[in-house]
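Structure file target.cif with mmCIF, C-alpha atoms and all ligand atoms:
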```cif
data_final
loop_
_atom_site.label_atom_id
_atom_site.label_comp_id
_atom_site.auth_asym_id
_atom_site.auth_seq_id
_atom_site.Cartn_x
_atom_site.Cartn_y
_atom_site.Cartn_z
CA MET X 1 4.98 20.22 14.35
CA PRO X 2 5.52 16.60 13.27
CA VAL X 3 8.19 14.65 15.13
CA PHE X 4 10.67 12.36 13.40
CA PRO X 5 10.23 8.63 14.09
CA ASP X 6 12.61 7.09 16.62
CA PRO X 7 15.61 5.52 14.93
CA HIS X 8 15.67 1.82 14.17
CA PRO X 9 16.76 -0.12 17.31
CA SER X 10 20.01 -1.09 15.54
CA GLY X 11 20.85 2.60 15.16
CA ALA X 12 20.90 2.17 11.37
CA VAL X 13 20.12 5.27 9.36
CA ALA X 14 18.46 5.51 5.96
CA PRO X 15 20.86 5.14 3.03
CA LYS X 16 21.73 8.39 1.28
CA ILE X 17 20.18 8.17 -2.16
CA PRO X 18 19.90 11.11 -4.58
CA SER X 19 16.33 12.40 -4.40
CA GLN X 20 15.56 11.53 -8.05
CA PHE X 21 16.14 7.84 -7.20
CA VAL X 22 13.92 7.82 -4.12
CA PRO X 23 10.50 6.35 -5.04
CA ARG X 24 7.55 8.68 -4.65
CA HIS X 25 5.12 5.85 -4.08
CA VAL X 26 5.87 2.45 -2.56
CA ALA X 27 3.16 -0.23 -2.64
CA VAL X 28 3.47 -3.09 -0.16
CA VAL X 29 1.76 -6.46 -0.22
CA MET X 30 1.98 -7.55 3.39
CA ASP X 31 2.13 -11.27 2.65
CA GLY X 32 3.36 -14.18 4.76
CA ASN X 33 1.73 -13.55 8.13
CA GLY X 34 -0.07 -16.89 8.12
CA ARG X 35 3.07 -18.85 7.22
CA TRP X 36 5.11 -16.96 9.83
CA ALA X 37 2.61 -17.97 12.50
CA ASN X 38 2.16 -21.57 11.33
CA GLN X 39 5.95 -22.08 11.29
CA ARG X 40 5.85 -21.25 14.98
CA GLY X 41 2.93 -23.57 15.70
CA LEU X 42 0.58 -20.59 16.03
CA PRO X 43 -2.73 -19.83 14.28
CA ARG X 44 -2.62 -17.49 11.24
CA ASN X 45 -4.13 -14.58 13.15
CA GLU X 46 -1.06 -14.42 15.41
CA GLY X 47 0.92 -13.65 12.26
CA HIS X 48 -1.36 -10.74 11.41
CA LYS X 49 -0.84 -9.40 14.94
CA ALA X 50 2.92 -9.64 14.50
CA GLY X 51 2.64 -7.78 11.19
CA GLU X 52 1.35 -4.58 12.78
CA HIS X 53 4.81 -3.57 13.90
CA SER X 54 6.20 -4.19 10.40
CA LEU X 55 3.71 -1.80 8.85
CA VAL X 56 4.44 0.96 11.34
CA ASP X 57 8.20 0.45 10.99
CA VAL X 58 7.99 0.58 7.19
CA VAL X 59 6.11 3.89 7.45
CA ALA X 60 8.85 5.15 9.81
CA GLY X 61 11.47 4.06 7.27
CA ALA X 62 9.57 5.77 4.46
CA ILE X 63 9.51 9.01 6.43
CA GLU X 64 13.24 8.74 7.14
CA MET X 65 13.91 8.30 3.41
CA GLY X 66 11.53 11.04 2.27
CA ILE X 67 9.11 8.67 0.51
CA PRO X 68 5.83 10.60 0.32
CA TYR X 69 3.34 7.78 -0.42
CA VAL X 70 3.03 4.24 0.95
CA SER X 71 0.11 2.00 -0.01
CA ALA X 72 -0.51 -1.06 2.16
CA TYR X 73 -2.63 -4.00 0.97
CA ALA X 74 -4.53 -4.99 4.11
CA PHE X 75 -7.56 -6.80 2.68
CA SER X 76 -8.44 -7.55 -0.92
CA THR X 77 -11.82 -7.89 -2.62
CA GLU X 78 -10.89 -11.58 -2.95
CA ASN X 79 -9.97 -12.09 0.72
CA TRP X 80 -13.65 -12.66 1.61
CA ARG X 81 -12.91 -16.24 0.46
CA ARG X 82 -10.86 -16.84 3.61
CA SER X 83 -12.45 -18.54 6.62
CA ILE X 84 -15.14 -16.62 8.49
CA ASP X 85 -12.86 -16.66 11.54
CA GLU X 86 -9.97 -15.06 9.69
CA VAL X 87 -12.14 -12.50 7.89
CA SER X 88 -13.78 -11.46 11.18
CA PHE X 89 -10.40 -11.26 12.83
CA ILE X 90 -8.96 -9.06 10.07
CA MET X 91 -12.00 -6.75 10.14
CA ARG X 92 -11.59 -6.19 13.88
CA PHE X 93 -7.81 -6.10 13.62
CA VAL X 94 -7.71 -3.36 10.95
CA THR X 95 -9.95 -1.20 13.15
CA GLU X 96 -7.78 -1.88 16.21
CA VAL X 97 -4.52 -1.17 14.37
CA LEU X 98 -5.85 2.18 13.19
CA THR X 99 -7.06 3.00 16.69
CA ARG X 100 -3.77 1.96 18.32
CA GLN X 101 -1.54 3.68 15.78
CA LEU X 102 -3.45 6.88 15.08
CA ASP X 103 -1.58 8.98 17.64
CA THR X 104 1.80 7.80 16.40
CA LEU X 105 0.90 8.40 12.75
CA GLN X 106 -0.53 11.78 13.68
CA SER X 107 2.64 12.73 15.58
CA TRP X 108 4.76 11.84 12.52
CA GLY X 109 2.56 13.96 10.24
CA VAL X 110 1.13 10.99 8.33
CA ARG X 111 -2.08 11.44 6.37
CA VAL X 112 -4.17 8.27 6.25
CA LEU X 113 -6.30 7.54 3.21
CA TRP X 114 -8.60 4.58 2.61
CA SER X 115 -8.77 2.98 -0.78
CA GLY X 116 -11.35 0.29 -1.46
CA ARG X 117 -14.99 -0.59 -1.94
CA LYS X 118 -17.73 0.07 0.60
CA PRO X 119 -20.07 -2.84 -0.20
CA LYS X 120 -19.52 -5.81 2.14
CA LEU X 121 -16.92 -3.98 4.25
CA TRP X 122 -17.84 -3.88 7.94
CA LYS X 123 -19.38 -0.55 8.97
CA SER X 124 -17.04 -0.35 11.99
CA VAL X 125 -14.02 -0.56 9.66
CA ILE X 126 -15.42 2.11 7.32
CA ARG X 127 -16.14 4.37 10.31
CA GLN X 128 -12.59 4.03 11.64
CA LEU X 129 -10.99 4.50 8.23
CA GLU X 130 -13.07 7.62 7.61
CA TYR X 131 -12.31 8.91 11.10
CA CYS X 132 -8.56 8.51 10.51
CA GLN X 133 -8.85 10.21 7.13
CA GLU X 134 -10.64 13.15 8.69
CA GLN X 135 -8.27 13.43 11.68
CA THR X 136 -5.12 13.33 9.54
CA LYS X 137 -6.30 15.23 6.46
CA ASN X 138 -3.94 18.18 7.00
CA ASN X 139 -0.79 16.08 7.49
CA THR X 140 1.83 16.42 4.78
CA VAL X 141 4.92 14.38 5.75
CA CYS X 142 3.75 11.10 4.24
CA THR X 143 0.50 9.58 3.02
CA LEU X 144 -0.38 6.04 4.08
CA VAL X 145 -3.02 4.58 1.80
CA MET X 146 -4.75 1.73 3.63
CA CYS X 147 -6.16 -0.54 0.96
CA VAL X 148 -9.03 -2.37 2.59
CA ASN X 149 -11.59 -4.29 0.53
CA TYR X 150 -9.45 -3.14 -2.38
CA GLY X 151 -9.04 -4.83 -5.76
CA GLY X 152 -7.23 -3.43 -8.79
CA ARG X 153 -9.84 -4.73 -11.23
CA ALA X 154 -12.66 -3.56 -8.95
CA GLU X 155 -11.13 -0.06 -8.88
CA ILE X 156 -10.86 0.07 -12.69
CA ALA X 157 -14.41 -1.30 -13.08
CA ASP X 158 -15.73 1.27 -10.58
CA ALA X 159 -13.93 4.02 -12.50
CA ALA X 160 -15.39 2.76 -15.80
CA GLN X 161 -18.87 2.69 -14.29
CA ALA X 162 -18.62 6.25 -12.96
CA LEU X 163 -17.26 7.41 -16.30
CA ALA X 164 -20.06 5.62 -18.19
CA GLN X 165 -22.61 7.32 -15.93
CA ASP X 166 -21.08 10.72 -16.70
CA ALA X 167 -21.13 9.87 -20.41
CA ALA X 168 -24.80 8.83 -20.20
CA ALA X 169 -25.56 12.11 -18.37
CA GLY X 170 -23.83 14.05 -21.14
CA VAL X 171 -21.05 15.36 -18.86
CA VAL X 172 -18.40 13.47 -20.83
CA LYS X 173 -18.17 12.86 -24.57
CA PRO X 174 -17.48 9.15 -25.23
CA GLN X 175 -14.97 10.04 -27.95
CA SER X 176 -12.93 12.10 -25.46
CA VAL X 177 -12.37 9.15 -23.10
CA ASN X 178 -8.68 8.38 -22.84
CA GLU X 179 -6.22 7.08 -20.21
CA LYS X 180 -5.84 10.44 -18.56
CA MET X 181 -9.58 10.85 -18.18
CA LEU X 182 -10.17 7.33 -16.85
CA ALA X 183 -7.40 7.86 -14.29
CA ARG X 184 -9.36 10.80 -12.88
CA TYR X 185 -12.11 8.34 -11.83
CA LEU X 186 -9.80 6.11 -9.76
CA TYR X 187 -10.32 6.09 -5.98
CA HIS X 188 -7.49 8.61 -5.36
CA PRO X 189 -6.46 10.20 -8.63
CA GLU X 190 -4.13 12.58 -6.78
CA VAL X 191 -1.91 9.72 -5.57
CA PRO X 192 0.97 9.25 -8.03
CA ASP X 193 1.72 6.01 -9.87
CA VAL X 194 3.57 3.32 -7.96
CA ASP X 195 7.35 3.46 -8.42
CA LEU X 196 8.32 0.54 -6.21
CA PHE X 197 6.06 -2.49 -5.72
CA LEU X 198 7.13 -4.70 -2.82
CA ARG X 199 5.77 -8.09 -1.92
CA SER X 200 7.03 -10.06 1.04
CA SER X 201 6.98 -13.84 1.53
CA GLY X 202 8.59 -14.97 -1.72
CA GLU X 203 5.38 -15.16 -3.77
CA LEU X 204 5.95 -13.83 -7.28
CA ARG X 205 2.64 -12.20 -8.15
CA THR X 206 0.86 -8.91 -7.73
CA SER X 207 -2.54 -10.36 -6.67
CA ASN X 208 -4.73 -7.60 -8.11
CA PHE X 209 -3.00 -4.76 -6.21
CA LEU X 210 -2.92 -1.29 -7.78
CA LEU X 211 -3.04 -2.66 -11.33
CA TRP X 212 -3.49 0.67 -13.06
CA GLN X 213 -1.00 2.57 -10.90
CA SER X 214 1.70 -0.12 -11.12
CA ALA X 215 1.87 -0.25 -14.93
CA TYR X 216 5.54 0.84 -14.80
CA ALA X 217 6.38 0.00 -11.20
CA GLU X 218 9.65 -1.72 -10.40
CA LEU X 219 8.84 -5.02 -8.72
CA VAL X 220 10.85 -6.27 -5.76
CA PHE X 221 9.92 -9.63 -4.26
CA LEU X 222 11.27 -10.25 -0.80
CA ASP X 223 12.15 -13.66 0.60
CA VAL X 224 11.06 -12.46 4.02
CA LEU X 225 7.71 -13.07 5.70
CA TRP X 226 5.81 -9.87 6.51
CA PRO X 227 6.28 -9.96 10.32
CA ASP X 228 10.07 -10.07 9.70
CA VAL X 229 9.96 -6.99 7.49
CA ASP X 230 11.12 -3.68 8.93
CA ARG X 231 12.51 -0.42 7.63
CA LEU X 232 15.90 -2.03 6.91
CA VAL X 233 14.19 -4.33 4.41
CA LEU X 234 12.45 -1.33 2.85
CA TRP X 235 15.73 0.56 2.56
CA ASP X 236 17.40 -2.43 0.93
CA ALA X 237 14.55 -2.62 -1.60
CA VAL X 238 14.86 1.10 -2.30
CA GLU X 239 18.58 0.65 -2.97
CA GLN X 240 17.70 -2.08 -5.48
CA TYR X 241 15.11 0.24 -7.00
CA ALA X 242 17.63 3.06 -7.31
CA ARG X 243 19.90 0.81 -9.41
CA ARG X 244 17.14 -0.13 -11.87
CA ASP X 245 16.99 1.34 -15.36
CA ARG X 246 13.46 2.66 -15.90
CA ARG X 247 12.74 3.10 -19.59
CA TYR X 248 8.94 3.46 -19.80
CA GLY X 249 9.00 1.86 -23.23
CA GLY X 250 11.84 4.02 -24.53
CA ALA X 251 15.13 2.38 -25.51
CA VAL X 252 18.54 3.59 -26.67
CA ASP X 253 21.43 1.83 -28.39
CA GLN X 254 24.07 0.60 -25.94
CA VAL X 255 26.41 -1.07 -28.40
CA ALA X 256 29.12 -3.11 -26.64
CA GLY X 257 32.69 -1.89 -27.11
CA ARG X 258 31.88 1.70 -28.01
C1 LIG X 301 -2.63 -10.28 -1.01
O1 LIG X 301 -2.36 -11.56 -1.17
C2 LIG X 301 -2.20 -9.92 0.34
C3 LIG X 301 -2.92 -9.16 1.12
C4 LIG X 301 -4.20 -8.58 0.68
C5 LIG X 301 -2.39 -8.83 2.46
C6 LIG X 301 -3.21 -9.39 3.54
C7 LIG X 301 -2.65 -8.87 4.82
C8 LIG X 301 -3.26 -8.92 5.97
C9 LIG X 301 -4.59 -9.56 6.13
C10 LIG X 301 -2.62 -8.37 7.18
C11 LIG X 301 -3.09 -7.01 7.48
C12 LIG X 301 -2.07 -6.46 8.33
C13 LIG X 301 -2.10 -5.25 8.90
C14 LIG X 301 -0.95 -4.83 9.71
C15 LIG X 301 -3.24 -4.33 8.79
P1 LIG X 301 -3.50 -12.65 -1.18
O2 LIG X 301 -3.11 -13.66 -0.16
O3 LIG X 301 -4.84 -12.05 -1.05
O4 LIG X 301 -3.31 -13.13 -2.66
P2 LIG X 301 -2.91 -14.57 -3.20
O5 LIG X 301 -4.07 -15.44 -2.87
O6 LIG X 301 -2.70 -14.32 -4.68
O7 LIG X 301 -1.63 -14.96 -2.50
#
```
structure tokens encoding of this file:
Amino acid sequence: MPVFPDPHPSGAVAPKIPSQFVPRHVAVVMDGNGRWANQRGLPRNEGHKAGEHSLVDVVAGAIEMGIPYVSAYAFSTENWRRSIDEVSFIMRFVTEVLTRQLDTLQSWGVRVLWSGRKPKLWKSVIRQLEYCQEQTKNNTVCTLVMCVNYGGRAEIADAAQALAQDAAAGVVKPQSVNEKMLARYLYHPEVPDVDLFLRSSGELRTSNFLLWQSAYAELVFLDVLWPDVDRLVLWDAVEQYARRDRRYGGAVDQVAGR
């Protein structure tokens, strides 16, 4: 039986929000580790280390709120442009985080999924991601999608390529290709669209994260660096989300004074 995460050290509890206003899928861009470290006179990698706790605490907060899917952007298809030192550190670090946190995630009933491209990604990282997927595959409390060597455009291009191959093989009729069909070729078609897209560190961009899935996501940009994020920050963002008016292109008259 899964155990509930320990409460936040402040004793705070998750805000009570009607279930229809709780996001099903929260995407997080864990940005600001480097700046957090540099502000303290430390190298960027110390910021990544400090961000491990934030990720685990956000997952705890998601469980407490009943959020079933969290996607975490840990390494993008563009992050290979960073220094060799930082790339090597992140490769080792992602493996270590998964190793260190697997028991906790397992005890909470978290299913881990990996989303991303295999080419270029270190074999040790792929092995650990696949091991975590296998070990947690029957967990149902929450799904944590670790996006490693992930790019939104890469995912759509990979889907288009797989679809084109099926069309060339005669499995799919080109004229029947539509949005619904393309979506079935994404890395994890079973994961619902993103409802709440969070980015820490004050940067106002989505940086190629979950482009397809975030078409109608509510965006919340946090003026907090990732290592300072915890479940309280998540809950605050969810409260903002719950107040938003999601129209999906529909609109109704709201004439003033009536
Ligand atoms: C995207 O912004 C941000 C990321 C891909 C997050 C990177 C996060 C880590 C390396 C830390 C991993 C932490 C854990 C706990 C596993 P970008 O900087 O690639 O995009 P930009 O250049 O547009 O700002």
Practice task
Would you mind telling me which residue in X:Tyr150, X:Tyr69, X:Tyr187, X:Tyr131 lies nearest to ligand LIG 301 (chain X) when using all atoms listed in the file?
Solution key: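 Among the listed residues, X:Tyr150 lies closest to ligand LIG 301 (chain X).
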Handout entry: Length of the CA of Met1 in chain X to CA of Thr136 in chain X vector [Å]
Key =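 Computing the Euclidean distance for CA of Met1 in chain X and CA of Thr136 in chain X yields 13.1 Å.
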Practice task
Could I get the residue neighbourhood of ligand LIG 301 (chain X) at 10 Å, counting only C-alpha atoms and all ligand atoms, as a ChimeraX atom specification?
Solution key: /X:28-34,44-45,47-56,72-82,86-87,89-98,146-151,199-201,203-209,226-227
Practice task
Extract, using all atoms listed in the file, all DNA, RNA and protein residues at most 10 Å from Tyr248 in chain X, discarding same-chain residues fewer than 5 positions from it, and format them as a PyMOL selection string.
Solution key: chain X and resi 215-217
Handout entry: Minimum-distance residue to Gly202 in chain X, chosen among X:Glu179, X:Asp223, X:Asp253, X:Glu190 (using all atoms listed in the file)
Key =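 When distances to Gly202 in chain X are compared using all atoms listed in the file, the smallest one comes from X:Asp223.
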Exercise for the section: Work out how far apart CA of Leu121 in chain X and CA of Ala164 in chain X are and give it in Å to one decimal. Expected result: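 Rounded to one decimal, the two atoms are 24.6 Å apart.
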Exercise for the section: Would you work out the distance separating CA of Leu225 in chain X from CA of Ala27 in chain X, expressed in Å to one decimal? Expected result: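 One can read the CA of Leu225 in chain X to CA of Ala27 in chain X distance as 16.0 Å.
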Handout entry: Polymer residues at most 10 Å from Asn139 in chain X, all atoms listed in the file, same-chain spacing of 3 or more positions, as number ranges by chain
Key = X: 1-2, 105-112, 133, 135-136, 142-143
Selected residues written out, C-alpha atoms, as an mmCIF file, in the coordinates of the input:
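Here's the written file selection25.cif:
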```cif
data_model
loop_
_atom_site.group_PDB
_atom_site.id
_atom_site.type_symbol
_atom_site.label_atom_id
_atom_site.label_comp_id
_atom_site.auth_asym_id
_atom_site.auth_seq_id
_atom_site.Cartn_x
_atom_site.Cartn_y
_atom_site.Cartn_z
ATOM 1 C CA MET X 1 4.980 20.220 14.350
ATOM 2 C CA PRO X 2 5.520 16.600 13.270
ATOM 3 C CA LEU X 105 0.900 8.400 12.750
ATOM 4 C CA GLN X 106 -0.530 11.780 13.680
ATOM 5 C CA SER X 107 2.640 12.730 15.580
ATOM 6 C CA TRP X 108 4.760 11.840 12.520
ATOM 7 C CA GLY X 109 2.560 13.960 10.240
ATOM 8 C CA VAL X 110 1.130 10.990 8.330
ATOM 9 C CA ARG X 111 -2.080 11.440 6.370
ATOM 10 C CA VAL X 112 -4.170 8.270 6.250
ATOM 11 C CA GLN X 133 -8.850 10.210 7.130
ATOM 12 C CA GLN X 135 -8.270 13.430 11.680
ATOM 13 C CA THR X 136 -5.120 13.330 9.540
ATOM 14 C CA CYS X 142 3.750 11.100 4.240
ATOM 15 C CA THR X 143 0.500 9.580 3.020
#
```
Practice task
Please determine the residues with any atom at most 9 Å from (11.5, -0.8, 8.7) (coordinates as given in the file, with all atoms listed in the file counting) and report them as a list in words.
Solution key: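 I get His8, His53, Ser54, Leu55, Val56, Asp57, Val58, Val59, Ala60, Gly61, Ala62, Val229, Asp230, Arg231, Leu232, Val233, Leu234 and Trp235 of chain X for the residues within 9 Å of that point.
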Exercise for the section: Find the residue from X:Met65, X:Leu186, X:Val145, X:Pro119 that sits nearest to Leu163 in chain X; use all atoms listed in the file when measuring. Expected result: X:Leu186
Practice task
Please provide as a VMD selection string all residues within 10 Å of Glu239 in chain X, with the sequence filter that same-chain residues fewer than 4 positions apart are discarded (counting all atoms listed in the file).
Solution key: chain X and resid 15 to 17 21 to 22 233 to 235 243 to 244
Once you have the residues from the selection above, write them out as an mmCIF file, in the frame of the given file, restricted to C-alpha atoms.
```cif
data_model
loop_
_atom_site.group_PDB
_atom_site.id
_atom_site.type_symbol
_atom_site.label_atom_id
_atom_site.label_comp_id
_atom_site.auth_asym_id
_atom_site.auth_seq_id
_atom_site.Cartn_x
_atom_site.Cartn_y
_atom_site.Cartn_z
ATOM 1 C CA PRO X 15 20.860 5.140 3.030
ATOM 2 C CA LYS X 16 21.730 8.390 1.280
ATOM 3 C CA ILE X 17 20.180 8.170 -2.160
ATOM 4 C CA PHE X 21 16.140 7.840 -7.200
ATOM 5 C CA VAL X 22 13.920 7.820 -4.120
ATOM 6 C CA VAL X 233 14.190 -4.330 4.410
ATOM 7 C CA LEU X 234 12.450 -1.330 2.850
ATOM 8 C CA TRP X 235 15.730 0.560 2.560
ATOM 9 C CA ARG X 243 19.900 0.810 -9.410
ATOM 10 C CA ARG X 244 17.140 -0.130 -11.870
#
```
Problem - Exercise: Ser214 in chain X partners within 7 Å, only C-alpha atoms, chain neighbours under 3 positions left out, as a list in words - result: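 In the requested form, the answer reads Asp193, Val194, Leu210, Leu211 and Ala217 of chain X.
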Handout entry: Given all atoms listed in the file as the counted atoms, nearest of X:Arg246, X:Phe4, X:Asp166, X:Leu219 to Val141 in chain X
Key =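 Nearest candidate to Val141 in chain X out of X:Arg246, X:Phe4, X:Asp166, X:Leu219: X:Phe4.
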Completed range 42-52 of chain X (all heavy atoms) as an mmCIF file, in the coordinates of the input:
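Below is the file that was written, selection10.cif:
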```
data_model
loop_
_atom_site.group_PDB
_atom_site.id
_atom_site.type_symbol
_atom_site.label_atom_id
_atom_site.label_comp_id
_atom_site.auth_asym_id
_atom_site.auth_seq_id
_atom_site.Cartn_x
_atom_site.Cartn_y
_atom_site.Cartn_z
ATOM 1 N N LEU X 42 1.629 -21.537 15.589
ATOM 2 C CA LEU X 42 0.580 -20.590 16.030
ATOM 3 C C LEU X 42 -0.490 -20.470 14.941
ATOM 4 O O LEU X 42 -0.212 -20.710 13.753
ATOM 5 C CB LEU X 42 1.202 -19.200 16.262
ATOM 6 C CG LEU X 42 2.287 -19.099 17.329
ATOM 7 C CD1 LEU X 42 3.000 -17.750 17.243
ATOM 8 C CD2 LEU X 42 1.666 -19.290 18.712
ATOM 9 N N PRO X 43 -1.702 -20.064 15.305
ATOM 10 C CA PRO X 43 -2.730 -19.830 14.280
ATOM 11 C C PRO X 43 -2.398 -18.588 13.436
ATOM 12 O O PRO X 43 -1.698 -17.676 13.908
ATOM 13 C CB PRO X 43 -4.014 -19.626 15.093
ATOM 14 C CG PRO X 43 -3.604 -19.371 16.493
ATOM 15 C CD PRO X 43 -2.205 -19.886 16.682
ATOM 16 N N ARG X 44 -2.936 -18.559 12.206
ATOM 17 C CA ARG X 44 -2.620 -17.490 11.240
ATOM 18 C C ARG X 44 -2.798 -16.084 11.832
ATOM 19 O O ARG X 44 -2.009 -15.184 11.550
ATOM 20 C CB ARG X 44 -3.525 -17.626 10.013
ATOM 21 C CG ARG X 44 -3.254 -18.848 9.175
ATOM 22 C CD ARG X 44 -4.281 -18.975 8.031
ATOM 23 N NE ARG X 44 -4.349 -17.774 7.207
ATOM 24 C CZ ARG X 44 -3.477 -17.478 6.243
ATOM 25 N NH1 ARG X 44 -2.476 -18.288 5.984
ATOM 26 N NH2 ARG X 44 -3.599 -16.370 5.541
ATOM 27 N N ASN X 45 -3.849 -15.927 12.653
ATOM 28 C CA ASN X 45 -4.130 -14.580 13.150
ATOM 29 C C ASN X 45 -2.991 -14.006 14.003
ATOM 30 O O ASN X 45 -2.795 -12.788 14.072
ATOM 31 C CB ASN X 45 -5.442 -14.578 13.959
ATOM 32 C CG ASN X 45 -6.633 -14.856 13.053
ATOM 33 O OD1 ASN X 45 -6.524 -14.720 11.833
ATOM 34 N ND2 ASN X 45 -7.754 -15.234 13.650
ATOM 35 N N GLU X 46 -2.214 -14.913 14.627
ATOM 36 C CA GLU X 46 -1.060 -14.420 15.410
ATOM 37 C C GLU X 46 -0.038 -13.767 14.481
ATOM 38 O O GLU X 46 0.685 -12.851 14.867
ATOM 39 C CB GLU X 46 -0.404 -15.574 16.188
ATOM 40 C CG GLU X 46 -1.261 -16.106 17.319
ATOM 41 C CD GLU X 46 -1.640 -15.017 18.340
ATOM 42 O OE1 GLU X 46 -0.754 -14.246 18.753
ATOM 43 O OE2 GLU X 46 -2.832 -14.952 18.713
ATOM 44 N N GLY X 47 0.020 -14.252 13.247
ATOM 45 C CA GLY X 47 0.920 -13.650 12.260
ATOM 46 C C GLY X 47 0.454 -12.248 11.883
ATOM 47 O O GLY X 47 1.268 -11.327 11.743
ATOM 48 N N HIS X 48 -0.860 -12.087 11.714
ATOM 49 C CA HIS X 48 -1.360 -10.740 11.410
ATOM 50 C C HIS X 48 -0.995 -9.787 12.540
ATOM 51 O O HIS X 48 -0.530 -8.669 12.300
ATOM 52 C CB HIS X 48 -2.888 -10.764 11.220
ATOM 53 C CG HIS X 48 -3.343 -11.605 10.060
ATOM 54 N ND1 HIS X 48 -2.678 -11.617 8.858
ATOM 55 C CD2 HIS X 48 -4.390 -12.463 9.924
ATOM 56 C CE1 HIS X 48 -3.296 -12.447 8.022
ATOM 57 N NE2 HIS X 48 -4.326 -12.978 8.647
ATOM 58 N N LYS X 49 -1.175 -10.273 13.786
ATOM 59 C CA LYS X 49 -0.840 -9.400 14.940
ATOM 60 C C LYS X 49 0.623 -8.984 14.868
ATOM 61 O O LYS X 49 0.964 -7.824 15.106
ATOM 62 C CB LYS X 49 -1.087 -10.139 16.259
ATOM 63 C CG LYS X 49 -2.549 -10.323 16.609
ATOM 64 C CD LYS X 49 -2.648 -10.900 18.024
ATOM 65 C CE LYS X 49 -3.984 -11.531 18.287
ATOM 66 N NZ LYS X 49 -4.014 -12.360 19.495
ATOM 67 N N ALA X 50 1.484 -9.944 14.543
ATOM 68 C CA ALA X 50 2.920 -9.640 14.500
ATOM 69 C C ALA X 50 3.254 -8.688 13.355
ATOM 70 O O ALA X 50 4.284 -8.006 13.394
ATOM 71 C CB ALA X 50 3.713 -10.941 14.364
ATOM 72 N N GLY X 51 2.368 -8.637 12.354
ATOM 73 C CA GLY X 51 2.640 -7.780 11.190
ATOM 74 C C GLY X 51 2.337 -6.310 11.430
ATOM 75 O O GLY X 51 2.726 -5.456 10.626
ATOM 76 N N GLU X 52 1.687 -5.997 12.514
ATOM 77 C CA GLU X 52 1.350 -4.580 12.780
ATOM 78 C C GLU X 52 2.630 -3.756 12.927
ATOM 79 O O GLU X 52 2.761 -2.662 12.363
ATOM 80 C CB GLU X 52 0.514 -4.501 14.064
ATOM 81 C CG GLU X 52 0.183 -3.077 14.484
ATOM 82 C CD GLU X 52 -0.740 -3.031 15.700
ATOM 83 O OE1 GLU X 52 -1.293 -4.091 16.081
ATOM 84 O OE2 GLU X 52 -0.896 -1.932 16.275
#
```
